[in-house]
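What follows is the content of data-v4.txt (compact mmCIF, C-alpha atoms).
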# COMPACT_ATOMS: atom_id res chain seq x y z
CA MET A 9 0.00 0.00 0.00
CA SER A 10 1.44 3.36 -0.99
CA LEU A 11 1.94 6.20 1.48
CA TYR A 12 -0.91 8.07 -0.23
CA GLU A 13 -3.26 5.12 0.25
CA GLN A 14 -2.19 4.63 3.87
CA LEU A 15 -2.95 8.27 4.61
CA GLY A 16 -6.42 7.95 3.08
CA GLY A 17 -5.89 9.38 -0.40
CA GLN A 18 -8.04 12.24 -1.66
CA ALA A 19 -10.13 12.25 1.55
CA ALA A 20 -6.96 12.88 3.59
CA VAL A 21 -6.08 15.84 1.37
CA ASP A 22 -9.63 17.18 1.80
CA ALA A 23 -9.37 16.86 5.58
CA ALA A 24 -5.92 18.41 5.79
CA VAL A 25 -6.22 21.37 3.42
CA ASP A 26 -8.46 23.59 5.60
CA VAL A 27 -6.52 22.83 8.78
CA PHE A 28 -3.17 23.40 7.09
CA TYR A 29 -4.14 26.62 5.30
CA ARG A 30 -5.62 28.07 8.51
CA LYS A 31 -2.33 27.42 10.29
CA VAL A 32 -0.33 29.02 7.48
CA LEU A 33 -2.58 32.11 7.33
CA THR A 34 -2.29 32.71 11.07
CA ASP A 35 1.45 32.12 11.32
CA ASP A 36 3.00 35.59 11.64
CA ARG A 37 6.28 34.30 10.26
CA ILE A 38 4.76 33.60 6.83
CA SER A 39 1.21 34.99 6.64
CA HIS A 40 2.36 38.17 4.83
CA PHE A 41 3.24 36.08 1.76
CA PHE A 42 -0.48 35.30 1.42
CA ASP A 43 -1.98 38.76 1.99
CA ASP A 44 -2.68 39.59 -1.63
CA VAL A 45 -3.48 36.16 -3.07
CA ASP A 46 -6.96 34.91 -3.81
CA MET A 47 -8.07 32.26 -1.36
CA ASP A 48 -9.59 29.90 -3.95
CA VAL A 49 -6.46 30.03 -6.09
CA GLN A 50 -4.23 29.50 -3.07
CA MET A 51 -6.30 26.58 -1.75
CA ALA A 52 -6.00 24.83 -5.11
CA LYS A 53 -2.21 25.18 -4.80
CA GLN A 54 -2.22 23.93 -1.20
CA ARG A 55 -4.25 20.96 -2.35
CA ALA A 56 -1.70 20.17 -5.07
CA PHE A 57 1.14 20.57 -2.58
CA LEU A 58 -0.46 18.26 -0.02
CA THR A 59 -1.20 15.66 -2.69
CA MET A 60 2.47 15.69 -3.62
CA ALA A 61 3.71 15.57 -0.01
CA PHE A 62 1.31 12.70 0.69
CA GLY A 63 2.96 10.72 -2.11
CA GLY A 64 -0.12 11.00 -4.33
CA PRO A 65 -0.51 11.54 -8.06
CA ASN A 66 0.85 14.93 -9.06
CA LYS A 67 2.49 16.73 -11.91
CA TYR A 68 4.89 18.80 -9.84
CA THR A 69 8.38 19.11 -11.28
CA GLY A 70 11.40 20.80 -9.75
CA LYS A 71 11.14 23.45 -12.47
CA ASP A 72 7.50 24.19 -11.55
CA LEU A 73 8.46 24.63 -7.90
CA ARG A 74 11.27 26.98 -8.88
CA THR A 75 9.28 29.20 -11.21
CA GLY A 76 6.21 29.07 -8.93
CA HIS A 77 8.15 30.46 -5.97
CA SER A 78 10.67 32.75 -7.67
CA HIS A 79 8.52 35.87 -7.05
CA LEU A 80 8.44 34.95 -3.34
CA VAL A 81 12.20 34.40 -3.22
CA LYS A 82 12.54 37.96 -4.57
CA ARG A 83 10.37 39.07 -1.63
CA GLY A 84 12.74 37.40 0.84
CA LEU A 85 11.48 33.81 1.07
CA ASN A 86 14.18 31.88 2.93
CA GLY A 87 14.90 28.70 4.88
CA ASP A 88 13.17 29.99 8.01
CA HIS A 89 9.94 30.42 6.07
CA PHE A 90 10.29 26.95 4.57
CA GLN A 91 10.79 25.61 8.09
CA ALA A 92 7.65 27.44 9.28
CA VAL A 93 5.55 25.84 6.51
CA ALA A 94 7.03 22.43 7.37
CA GLU A 95 6.11 22.88 11.03
CA ASN A 96 2.56 23.80 10.08
CA LEU A 97 2.33 20.71 7.89
CA SER A 98 3.62 18.48 10.67
CA ALA A 99 1.26 20.07 13.23
CA THR A 100 -1.66 19.54 10.81
CA LEU A 101 -0.92 15.82 10.55
CA VAL A 102 -0.53 15.51 14.33
CA GLU A 103 -3.87 17.25 14.76
CA LEU A 104 -5.46 14.79 12.32
CA LYS A 105 -3.96 11.92 14.35
CA VAL A 106 -1.77 10.58 11.56
CA PRO A 107 0.72 7.99 12.95
CA GLN A 108 4.22 9.41 13.42
CA PRO A 109 5.97 7.02 10.96
CA LEU A 110 3.68 8.28 8.18
CA ILE A 111 4.25 11.91 9.23
CA ASP A 112 7.99 11.28 8.95
CA GLN A 113 7.55 10.04 5.39
CA VAL A 114 5.45 13.08 4.43
CA MET A 115 8.01 15.43 5.94
CA ALA A 116 10.78 13.71 4.01
CA ILE A 117 8.93 14.25 0.70
CA ALA A 118 8.17 17.88 1.56
CA GLY A 119 11.77 18.45 2.65
CA GLY A 120 12.93 17.18 -0.73
CA ALA A 121 11.35 20.24 -2.35
CA ARG A 122 13.38 22.68 -0.23
CA ALA A 123 16.12 23.58 -2.71
CA ASP A 124 13.67 24.05 -5.60
CA VAL A 125 11.25 26.17 -3.55
CA LEU A 126 14.05 28.41 -2.31
CA GLY A 127 15.67 28.61 -5.74
CA GLN A 128 18.98 27.18 -4.50
CA MET B 26 4.33 31.78 -33.95
CA PRO B 27 0.69 30.66 -33.92
CA SER B 28 -1.74 32.30 -36.28
CA VAL B 29 -5.36 33.04 -35.57
CA THR B 30 -7.78 32.82 -38.47
CA PHE B 31 -11.01 34.71 -37.98
CA ALA B 32 -13.67 35.10 -40.66
CA GLY B 33 -11.22 33.81 -43.27
CA VAL B 34 -8.38 36.21 -42.45
CA SER B 35 -5.22 35.06 -40.65
CA TYR B 36 -3.57 37.19 -37.98
CA ALA B 37 -0.15 36.55 -36.40
CA ALA B 38 -0.19 36.24 -32.60
CA THR B 39 2.78 37.44 -30.57
CA PRO B 40 4.17 35.00 -27.96
CA GLY B 41 1.93 34.77 -24.90
CA GLU B 42 -0.79 36.89 -26.49
CA ALA B 43 -4.43 36.02 -25.90
CA VAL B 44 -6.68 35.57 -28.94
CA LEU B 45 -8.77 38.57 -27.88
CA ASP B 46 -5.69 40.81 -27.83
CA THR B 47 -4.47 39.53 -31.19
CA LEU B 48 -7.82 40.33 -32.82
CA LEU B 49 -8.22 43.73 -31.12
CA ARG B 50 -4.65 44.66 -32.06
CA HIS B 51 -5.54 43.99 -35.70
CA GLY B 52 -8.67 46.08 -35.45
CA VAL B 53 -11.16 43.21 -35.35
CA PRO B 54 -13.98 44.31 -33.03
CA ILE B 55 -14.72 41.63 -30.42
CA SER B 56 -17.03 42.32 -27.47
CA ASN B 57 -15.21 42.15 -24.16
CA SER B 58 -15.54 43.45 -20.65
CA CYS B 59 -13.78 41.92 -17.64
CA ARG B 60 -10.83 40.37 -19.50
CA ALA B 61 -10.46 37.95 -16.61
CA GLY B 62 -12.44 34.95 -17.79
CA ALA B 63 -15.58 35.81 -15.83
CA CYS B 64 -18.08 37.79 -17.90
CA GLN B 65 -17.98 35.53 -20.97
CA SER B 66 -18.70 38.45 -23.29
CA CYS B 67 -15.61 37.63 -25.41
CA LEU B 68 -16.84 34.11 -26.18
CA LEU B 69 -15.77 32.73 -29.59
CA ARG B 70 -15.92 29.29 -31.18
CA ALA B 71 -12.93 27.29 -32.47
CA SER B 72 -13.69 25.33 -35.63
CA ALA B 73 -10.13 23.99 -35.98
CA GLY B 74 -7.16 23.82 -33.61
CA ALA B 75 -6.74 23.10 -29.91
CA VAL B 76 -8.01 25.42 -27.19
CA PRO B 77 -6.21 25.35 -23.80
CA ALA B 78 -8.44 24.08 -20.97
CA ILE B 79 -8.11 27.32 -19.01
CA ALA B 80 -9.95 29.18 -21.78
CA GLN B 81 -13.03 26.96 -21.27
CA ARG B 82 -13.15 27.15 -17.49
CA GLY B 83 -16.63 27.88 -16.18
CA LEU B 84 -18.38 27.22 -19.49
CA LYS B 85 -21.31 24.86 -19.76
CA ALA B 86 -20.36 21.38 -20.99
CA THR B 87 -22.57 21.90 -24.04
CA LEU B 88 -20.56 24.99 -25.00
CA VAL B 89 -17.23 23.27 -24.37
CA GLU B 90 -18.21 20.40 -26.65
CA GLN B 91 -18.99 22.81 -29.45
CA GLY B 92 -15.57 24.42 -29.14
CA TYR B 93 -16.62 27.66 -27.45
CA PHE B 94 -13.90 29.40 -25.46
CA LEU B 95 -13.12 32.71 -23.75
CA SER B 96 -10.83 34.62 -26.07
CA CYS B 97 -9.40 36.79 -23.25
CA SER B 98 -8.03 33.68 -21.52
CA CYS B 99 -6.92 31.78 -24.62
CA VAL B 100 -3.22 31.90 -25.43
CA PRO B 101 -3.09 29.54 -28.43
CA GLU B 102 -0.50 26.78 -28.45
CA GLY B 103 -0.93 26.23 -32.20
CA ASP B 104 -2.87 27.65 -35.12
CA LEU B 105 -6.53 28.32 -34.46
CA THR B 106 -9.46 28.87 -36.78
CA ILE B 107 -12.31 30.62 -35.04
CA GLU B 108 -15.79 31.98 -35.63
CA PRO B 109 -17.99 34.44 -33.80
CA ALA B 110 -20.33 33.00 -31.19
CA VAL B 111 -23.82 33.16 -32.64
CA GLY B 112 -27.23 32.16 -31.38
CA LEU B 113 -26.26 32.34 -27.71
CA GLU B 114 -27.86 35.68 -27.06
CA VAL B 115 -31.30 36.00 -25.55
CA ASN B 116 -33.46 38.98 -26.49
CA ALA B 117 -34.81 41.10 -23.67
CA ALA B 118 -36.55 44.41 -23.18
CA ILE B 119 -36.12 46.90 -20.37
CA ALA B 120 -39.27 46.60 -18.24
CA SER B 121 -38.44 49.31 -15.73
CA LEU B 122 -35.62 51.52 -14.50
CA GLU B 123 -35.88 52.76 -10.95
CA ARG B 124 -33.31 54.99 -9.27
CA LEU B 125 -32.96 53.69 -5.72
CA THR B 126 -30.31 56.31 -4.90
CA PRO B 127 -28.38 58.80 -7.07
CA THR B 128 -25.84 56.03 -7.78
CA VAL B 129 -27.85 52.79 -7.67
CA LEU B 130 -30.41 51.86 -10.29
CA ARG B 131 -32.76 48.88 -10.22
CA ALA B 132 -33.23 47.58 -13.75
CA ARG B 133 -35.89 45.03 -14.57
CA LEU B 134 -35.79 43.10 -17.83
CA ARG B 135 -38.59 41.22 -19.52
CA LEU B 136 -37.82 38.12 -21.59
CA PRO B 137 -40.03 36.56 -24.26
CA GLN B 138 -39.44 33.16 -22.70
CA PRO B 139 -38.19 32.14 -19.24
CA LEU B 140 -34.44 31.94 -18.59
CA ALA B 141 -33.09 29.01 -16.55
CA TYR B 142 -30.93 30.55 -13.84
CA ARG B 143 -30.28 30.64 -10.11
CA ALA B 144 -30.60 33.81 -8.05
CA GLY B 145 -27.08 35.07 -7.39
CA GLN B 146 -25.70 34.04 -10.78
CA TYR B 147 -24.86 36.77 -13.26
CA ILE B 148 -25.75 37.60 -16.82
CA THR B 149 -23.89 39.72 -19.34
CA LEU B 150 -25.94 42.52 -20.89
CA ARG B 151 -25.12 43.45 -24.43
CA ARG B 152 -26.26 46.74 -25.88
CA ILE B 153 -27.16 46.92 -29.56
CA ASP B 154 -23.67 48.30 -30.40
CA GLY B 155 -21.94 45.37 -28.68
CA LEU B 156 -21.02 47.08 -25.39
CA SER B 157 -21.16 44.34 -22.72
CA ARG B 158 -21.23 44.36 -18.92
CA SER B 159 -22.06 41.71 -16.31
CA TYR B 160 -24.66 42.10 -13.56
CA SER B 161 -25.83 39.76 -10.82
CA LEU B 162 -29.39 38.53 -10.61
CA ALA B 163 -31.39 39.64 -7.56
CA SER B 164 -34.58 38.00 -8.84
CA LEU B 165 -35.87 34.45 -8.76
CA PRO B 166 -36.77 32.53 -11.94
CA THR B 167 -40.39 32.56 -10.74
CA ASP B 168 -40.45 36.38 -10.85
CA GLU B 169 -41.91 38.02 -13.93
CA THR B 170 -38.75 39.96 -14.69
CA LEU B 171 -35.00 39.74 -14.18
CA GLU B 172 -33.81 42.20 -11.52
CA LEU B 173 -30.36 43.82 -11.63
CA HIS B 174 -28.81 46.48 -9.39
CA VAL B 175 -26.62 48.82 -11.39
CA ARG B 176 -24.04 50.99 -9.69
CA LEU B 177 -23.27 54.20 -11.56
CA ALA B 178 -19.55 53.70 -12.21
CA PRO B 179 -17.40 56.79 -12.77
CA HIS B 180 -17.25 57.19 -16.57
CA GLY B 181 -19.19 53.92 -16.77
CA GLN B 182 -20.38 53.36 -20.34
CA MET B 183 -23.12 50.81 -19.65
CA SER B 184 -24.16 52.18 -16.26
CA GLY B 185 -24.11 55.75 -17.61
CA TRP B 186 -26.34 54.68 -20.47
CA LEU B 187 -28.76 52.80 -18.20
CA PHE B 188 -28.94 55.76 -15.82
CA ASN B 189 -29.33 58.55 -18.32
CA GLU B 190 -30.38 57.37 -21.75
CA ALA B 191 -32.04 53.97 -21.68
CA ARG B 192 -35.84 53.91 -21.64
CA GLU B 193 -38.46 51.35 -20.76
CA GLY B 194 -39.10 49.18 -23.77
CA ASP B 195 -35.57 49.50 -25.13
CA GLU B 196 -34.30 46.24 -26.54
CA ILE B 197 -31.14 44.62 -25.31
CA THR B 198 -29.65 41.16 -25.50
CA LEU B 199 -28.09 39.09 -22.77
CA ARG B 200 -25.93 36.06 -22.40
CA GLY B 201 -25.64 33.66 -19.52
CA PRO B 202 -26.30 32.90 -16.76
CA ALA B 203 -22.90 32.06 -15.27
CA GLY B 204 -21.35 31.84 -11.83
CA ASP B 205 -21.50 29.45 -8.91
CA CYS B 206 -22.52 31.81 -6.11
CA PHE B 207 -26.05 30.59 -5.37
CA TYR B 208 -28.11 28.69 -2.81
CA THR B 209 -28.04 24.91 -2.88
CA THR B 210 -30.56 22.76 -1.04
CA GLY B 211 -29.62 19.86 1.18
CA LYS B 212 -28.85 21.46 4.54
CA ILE B 213 -31.98 23.42 5.29
CA ASP B 214 -31.11 24.03 8.96
CA GLN B 215 -27.55 25.27 8.32
CA PRO B 216 -26.85 28.81 9.54
CA MET B 217 -25.99 31.10 6.64
CA LEU B 218 -24.01 34.32 6.55
CA LEU B 219 -24.34 36.68 3.57
CA VAL B 220 -21.94 39.60 3.43
CA GLY B 221 -21.77 42.24 0.74
CA THR B 222 -20.53 45.69 -0.11
CA GLY B 223 -22.29 48.10 -2.48
CA THR B 224 -24.34 46.41 -5.20
CA GLY B 225 -22.88 43.10 -3.98
CA LEU B 226 -26.23 43.19 -2.21
CA ALA B 227 -28.03 42.18 -5.44
CA PRO B 228 -26.92 38.53 -5.56
CA LEU B 229 -27.25 38.26 -1.79
CA VAL B 230 -30.88 39.41 -1.82
CA GLY B 231 -31.53 36.86 -4.56
CA ILE B 232 -29.83 34.10 -2.56
CA CYS B 233 -31.80 35.06 0.59
CA ARG B 234 -35.09 34.95 -1.25
CA ASP B 235 -34.14 31.68 -2.94
CA ALA B 236 -33.27 30.10 0.43
CA LEU B 237 -36.52 31.31 1.99
CA HIS B 238 -38.57 30.05 -0.98
CA SER B 239 -36.76 26.71 -0.72
CA GLY B 240 -37.90 26.38 2.90
CA HIS B 241 -34.57 27.07 4.57
CA THR B 242 -35.14 26.86 8.32
CA GLY B 243 -31.67 27.75 9.65
CA PRO B 244 -30.86 31.35 10.58
CA ILE B 245 -29.93 33.61 7.66
CA HIS B 246 -27.84 36.66 8.53
CA LEU B 247 -27.45 39.33 5.85
CA TYR B 248 -24.81 42.04 6.35
CA HIS B 249 -24.67 44.94 3.94
CA GLY B 250 -21.84 47.43 4.24
CA SER B 251 -21.29 50.78 2.58
CA ARG B 252 -19.07 53.85 2.95
CA THR B 253 -22.11 56.10 3.10
CA SER B 254 -25.64 55.75 4.48
CA GLU B 255 -26.93 56.45 0.95
CA GLY B 256 -25.14 53.28 -0.21
CA LEU B 257 -27.34 51.18 2.10
CA TYR B 258 -29.96 51.32 -0.60
CA LEU B 259 -32.50 48.63 0.19
CA GLN B 260 -33.13 49.14 3.91
CA ASP B 261 -36.91 49.54 3.78
CA GLU B 262 -37.52 46.49 1.60
CA LEU B 263 -35.14 44.34 3.60
CA THR B 264 -36.74 45.41 6.86
CA ASP B 265 -40.10 44.29 5.43
CA LEU B 266 -38.61 40.98 4.32
CA VAL B 267 -37.19 40.42 7.83
CA ARG B 268 -40.63 41.06 9.32
CA ALA B 269 -42.08 38.33 7.12
CA HIS B 270 -39.44 35.71 7.98
CA ARG B 271 -38.43 35.01 11.54
CA ASN B 272 -35.15 33.25 10.57
CA LEU B 273 -33.94 36.20 8.47
CA HIS B 274 -31.76 38.89 10.05
CA TYR B 275 -30.42 41.99 8.35
CA ALA B 276 -27.80 44.49 9.46
CA ALA B 277 -26.77 47.65 7.59
CA ILE B 278 -23.19 48.52 8.44
CA LEU B 279 -21.38 51.84 8.15
CA PRO B 280 -17.72 52.33 9.15
CA GLY B 281 -17.60 54.10 12.51
CA ALA B 282 -14.74 56.38 11.48
CA ASP B 283 -13.40 57.82 8.23
CA THR B 284 -10.21 55.84 8.64
CA MET B 285 -12.05 52.51 8.87
CA SER B 286 -12.73 50.48 5.74
CA THR B 287 -16.18 49.11 5.00
CA HIS B 288 -14.92 45.54 5.14
CA ASP B 289 -13.29 46.09 8.53
CA ALA B 290 -16.59 47.46 9.79
CA LEU B 291 -18.42 44.39 8.42
CA LEU B 292 -15.84 42.08 9.92
CA GLY B 293 -16.11 43.76 13.32
CA ALA B 294 -19.88 43.36 13.35
CA ILE B 295 -19.72 39.70 12.29
CA THR B 296 -16.95 38.58 14.62
CA GLY B 297 -18.65 40.38 17.51
CA ALA B 298 -21.85 38.44 16.88
CA PHE B 299 -20.47 34.99 15.97
CA PRO B 300 -17.36 33.65 17.72
CA SER B 301 -17.21 30.50 15.57
CA LEU B 302 -18.48 29.87 12.06
CA ALA B 303 -17.51 26.18 11.85
CA ALA B 304 -21.02 24.96 10.98
CA TRP B 305 -21.89 27.85 8.66
CA ARG B 306 -22.21 28.50 4.97
CA GLY B 307 -21.10 31.89 3.67
CA PHE B 308 -21.72 34.07 0.63
CA VAL B 309 -19.50 37.10 0.00
CA CYS B 310 -20.10 39.58 -2.84
CA GLY B 311 -18.93 43.04 -3.80
CA ASN B 312 -15.69 44.84 -4.50
CA PRO B 313 -12.72 42.48 -4.97
CA PRO B 314 -10.43 43.55 -2.07
CA ALA B 315 -13.33 43.35 0.40
CA VAL B 316 -14.41 39.94 -0.94
CA SER B 317 -10.86 38.58 -0.80
CA MET B 318 -10.29 39.77 2.76
CA LEU B 319 -13.70 38.75 4.11
CA LYS B 320 -13.47 35.23 2.67
CA LYS B 321 -10.18 34.65 4.45
CA LYS B 322 -11.49 36.03 7.72
CA LEU B 323 -14.62 33.86 7.62
CA PHE B 324 -12.38 30.89 6.88
CA LEU B 325 -10.13 31.74 9.84
CA ARG B 326 -13.24 31.92 12.02
CA GLY B 327 -13.77 28.25 11.20
CA MET B 328 -16.00 28.35 8.12
CA PRO B 329 -14.98 25.43 5.86
CA ALA B 330 -13.49 26.61 2.55
CA ARG B 331 -15.96 24.48 0.54
CA GLU B 332 -18.86 26.30 2.25
CA ILE B 333 -17.69 29.75 1.14
CA PHE B 334 -19.17 31.08 -2.10
CA SER B 335 -18.25 34.42 -3.52
CA ASP B 336 -18.53 36.81 -6.41
CA ALA B 337 -16.01 39.61 -6.71
CA PHE B 338 -17.34 42.38 -8.97
CA LEU B 339 -14.62 43.08 -11.50
CA GLU B 340 -14.60 46.49 -13.11
CA ALA B 341 -14.25 46.69 -16.85
CA PRO B 342 -10.76 47.95 -17.71
CA ARG B 343 -10.72 51.64 -18.61
CA LEU B 344 -10.39 52.24 -22.29
CA THR B 345 -7.00 53.53 -23.25
CA ALA B 346 -6.97 55.98 -26.13
The structure in this file should be written as structure tokens.
Amino acid sequence: MSLYEQLGGQAAVDAAVDVFYRKVLTDDRISHFFDDVDMDVQMAKQRAFLTMAFGGPNKYTGKDLRTGHSHLVKRGLNGDHFQAVAENLSATLVELKVPQPLIDQVMAIAGGARADVLGQ
Amino acid sequence: MPSVTFAGVSYAATPGEAVLDTLLRHGVPISNSCRAGACQSCLLRASAGAVPAIAQRGLKATLVEQGYFLSCSCVPEGDLTIEPAVGLEVNAAIASLERLTPTVLRARLRLPQPLAYRAGQYITLRRIDGLSRSYSLASLPTDETLELHVRLAPHGQMSGWLFNEAREGDEITLRGPAGDCFYTTGKIDQPMLLVGTGTGLAPLVGICRDALHSGHTGPIHLYHGSRTSEGLYLQDELTDLVRAHRNLHYAAILPGADTMSTHDALLGAITGAFPSLAAWRGFVCGNPPAVSMLKKKLFLRGMPAREIFSDAFLEAPRLTA
């Protein structure tokens, strides 16, 4: 059974996206990056991100992550911000009572995107 | 470089250019208004060539299958042969024009046959010369006429015409409806919050009436905000509607100070009244910054994202000379 299936697939993404986005929007370390973006557009992106981090079907490439975040890197996006998002993701999964070994796998996938997101 | 063939003539597109811009640049007149994929007034039909999916977003499946697409959102990936959209317009006549305030007009339209729509959706009006603008529907399909609330926009071409020149009986065409901001049945006891600025009230009144007609039993709270007391244009009618329905509540909100924005005033009133919105459904309509901010704040108060419906009123881009 794949990680995505163990987590609960699409239903797990549905359950996590509201919790995760609420945490991100209220985290003073990173919320300013989301001030001027449309919520529906942003939620679609969060959904795609969670699907990828959950090991699900996605079309993300390293190039997409680079170009998609380059305007944020220009605004000062750095490793601390990446860490803040990672913490919110981890806290979301804890809140949804996901077993720790699965959380570790999700965090490893998300962590693999670090260099591309930060344009390094 | 892709070429766009329209009415038998081929035009070269520049890289990244939308079909609408290619045609306008070559002097081909194509109706357009929002240029953001919402109003659907720039609809065209592709008879050959591939249309990117984004240019068909929000269109009815029947239109997609026939190759219709929004030319403002269509950056062609290869050569395209296109035709004007024909036969999609519905004829209508202006039934009445009523100035509710110096800057808000209630327009009622009469149609020769009924239009299938949901209160809160929008239609795009098209004047005889092709000028097009979108307006939300405050009426129900069971009403005799379509009801629109028109704000007099500064230098507004359509609103200026409706305010000052149009007469009862004038003929006009319309296209639509479109939009997904409307009442859905299924949870008749769910509490509902409707928040709007300016003529964002029009779809919200329609949604309220639709919910009440559908037998909604849960509380319905309507908040209307405006910069000025004059902008709170439907107070008497809404007060009457509240008297007739015990689950309907209405609040007219003005900012308490000049420095306060209308949406902050609305937010203050809502958060003061409802600490958690976890079980609620929300509808937010009006000017785009207010809609964007209010949606997020309702979400942060616990309203699930899938329960939040909205319509941000885009202004037509100013014409550049």
Write down, as a tab-separated table (two decimals) with C-alpha atoms, in the coordinates of the input, each residue of chain A that has any atom within 12 Å of an atom of chain B, counting all atoms listed in the file.
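Dumped to result.tsv:
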chain	number	residue	atom	x	y	z
A	22	ASP	CA	-9.63	17.18	1.80
A	23	ALA	CA	-9.37	16.86	5.58
A	24	ALA	CA	-5.92	18.41	5.79
A	25	VAL	CA	-6.22	21.37	3.42
A	26	ASP	CA	-8.46	23.59	5.60
A	27	VAL	CA	-6.52	22.83	8.78
A	28	PHE	CA	-3.17	23.40	7.09
A	29	TYR	CA	-4.14	26.62	5.30
A	30	ARG	CA	-5.62	28.07	8.51
A	31	LYS	CA	-2.33	27.42	10.29
A	32	VAL	CA	-0.33	29.02	7.48
A	33	LEU	CA	-2.58	32.11	7.33
A	34	THR	CA	-2.29	32.71	11.07
A	35	ASP	CA	1.45	32.12	11.32
A	39	SER	CA	1.21	34.99	6.64
A	42	PHE	CA	-0.48	35.30	1.42
A	43	ASP	CA	-1.98	38.76	1.99
A	44	ASP	CA	-2.68	39.59	-1.63
A	45	VAL	CA	-3.48	36.16	-3.07
A	46	ASP	CA	-6.96	34.91	-3.81
A	47	MET	CA	-8.07	32.26	-1.36
A	48	ASP	CA	-9.59	29.90	-3.95
A	49	VAL	CA	-6.46	30.03	-6.09
A	50	GLN	CA	-4.23	29.50	-3.07
A	51	MET	CA	-6.30	26.58	-1.75
A	52	ALA	CA	-6.00	24.83	-5.11
A	55	ARG	CA	-4.25	20.96	-2.35
**Message:** Could you check the closest approach to Leu136 in chain B for each of B:Ser251, B:Asn116, B:Thr106, B:Gln81 and tell me which residue wins, using all atoms listed in the file?
**Reply:** B:Asn116
**Request:** Excluding Val114 in chain A and any residue of its chain fewer than 6 positions from it, enumerate the residues within 8 Å of it, using all atoms listed in the file, and give them as a PyMOL selection string.
**Result:** chain A and resi 61-63
**Message:** Please report the interatomic distance between CA of Leu173 in chain B and CA of Ser161 in chain B in Å with one decimal.
**Reply:**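 Distance between the two atoms: 6.1 Å.
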Do you know which residues lie at most 12 Å from (6.5, 23.4, 7.4), with coordinates as in the file and only C-alpha atoms counted, and could you write them as an mmCIF file with C-alpha atoms, keeping the file's coordinate frame?
data_model
loop_
_atom_site.group_PDB
_atom_site.id
_atom_site.type_symbol
_atom_site.label_atom_id
_atom_site.label_comp_id
_atom_site.auth_asym_id
_atom_site.auth_seq_id
_atom_site.Cartn_x
_atom_site.Cartn_y
_atom_site.Cartn_z
ATOM 1 C CA PHE A 28 -3.170 23.400 7.090
ATOM 2 C CA TYR A 29 -4.140 26.620 5.300
ATOM 3 C CA LYS A 31 -2.330 27.420 10.290
ATOM 4 C CA VAL A 32 -0.330 29.020 7.480
ATOM 5 C CA ASP A 35 1.450 32.120 11.320
ATOM 6 C CA ARG A 37 6.280 34.300 10.260
ATOM 7 C CA ILE A 38 4.760 33.600 6.830
ATOM 8 C CA PHE A 57 1.140 20.570 -2.580
ATOM 9 C CA LEU A 58 -0.460 18.260 -0.020
ATOM 10 C CA ALA A 61 3.710 15.570 -0.010
ATOM 11 C CA GLY A 87 14.900 28.700 4.880
ATOM 12 C CA ASP A 88 13.170 29.990 8.010
ATOM 13 C CA HIS A 89 9.940 30.420 6.070
ATOM 14 C CA PHE A 90 10.290 26.950 4.570
ATOM 15 C CA GLN A 91 10.790 25.610 8.090
ATOM 16 C CA ALA A 92 7.650 27.440 9.280
ATOM 17 C CA VAL A 93 5.550 25.840 6.510
ATOM 18 C CA ALA A 94 7.030 22.430 7.370
ATOM 19 C CA GLU A 95 6.110 22.880 11.030
ATOM 20 C CA ASN A 96 2.560 23.800 10.080
ATOM 21 C CA LEU A 97 2.330 20.710 7.890
ATOM 22 C CA SER A 98 3.620 18.480 10.670
ATOM 23 C CA ALA A 99 1.260 20.070 13.230
ATOM 24 C CA THR A 100 -1.660 19.540 10.810
ATOM 25 C CA LEU A 101 -0.920 15.820 10.550
ATOM 26 C CA ILE A 111 4.250 11.910 9.230
ATOM 27 C CA VAL A 114 5.450 13.080 4.430
ATOM 28 C CA MET A 115 8.010 15.430 5.940
ATOM 29 C CA ALA A 116 10.780 13.710 4.010
ATOM 30 C CA ILE A 117 8.930 14.250 0.700
ATOM 31 C CA ALA A 118 8.170 17.880 1.560
ATOM 32 C CA GLY A 119 11.770 18.450 2.650
ATOM 33 C CA ALA A 121 11.350 20.240 -2.350
ATOM 34 C CA ARG A 122 13.380 22.680 -0.230
#
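For the pair CA of Thr253 in chain B and CA of Ala337 in chain B, the interatomic distance is 20.1 Å.
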**Message:** Give me the residues near Tyr142 in chain B as a PyMOL selection string, where near means some atom within 12 Å (using all atoms listed in the file) and where sequence neighbours in that chain fewer than 3 positions away do not count.
**Reply:** chain B and resi 139+145-148+161-168+171+200-208+231-232+235
Save the residues we just selected, C-alpha atoms, as a tab-separated table (two decimals), in the coordinates of the input?
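Listing of result_25.tsv after writing:
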chain	number	residue	atom	x	y	z
B	139	PRO	CA	-38.19	32.14	-19.24
B	145	GLY	CA	-27.08	35.07	-7.39
B	146	GLN	CA	-25.70	34.04	-10.78
B	147	TYR	CA	-24.86	36.77	-13.26
B	148	ILE	CA	-25.75	37.60	-16.82
B	161	SER	CA	-25.83	39.76	-10.82
B	162	LEU	CA	-29.39	38.53	-10.61
B	163	ALA	CA	-31.39	39.64	-7.56
B	164	SER	CA	-34.58	38.00	-8.84
B	165	LEU	CA	-35.87	34.45	-8.76
B	166	PRO	CA	-36.77	32.53	-11.94
B	167	THR	CA	-40.39	32.56	-10.74
B	168	ASP	CA	-40.45	36.38	-10.85
B	171	LEU	CA	-35.00	39.74	-14.18
B	200	ARG	CA	-25.93	36.06	-22.40
B	201	GLY	CA	-25.64	33.66	-19.52
B	202	PRO	CA	-26.30	32.90	-16.76
B	203	ALA	CA	-22.90	32.06	-15.27
B	204	GLY	CA	-21.35	31.84	-11.83
B	205	ASP	CA	-21.50	29.45	-8.91
B	206	CYS	CA	-22.52	31.81	-6.11
B	207	PHE	CA	-26.05	30.59	-5.37
B	208	TYR	CA	-28.11	28.69	-2.81
B	231	GLY	CA	-31.53	36.86	-4.56
B	232	ILE	CA	-29.83	34.10	-2.56
B	235	ASP	CA	-34.14	31.68	-2.94
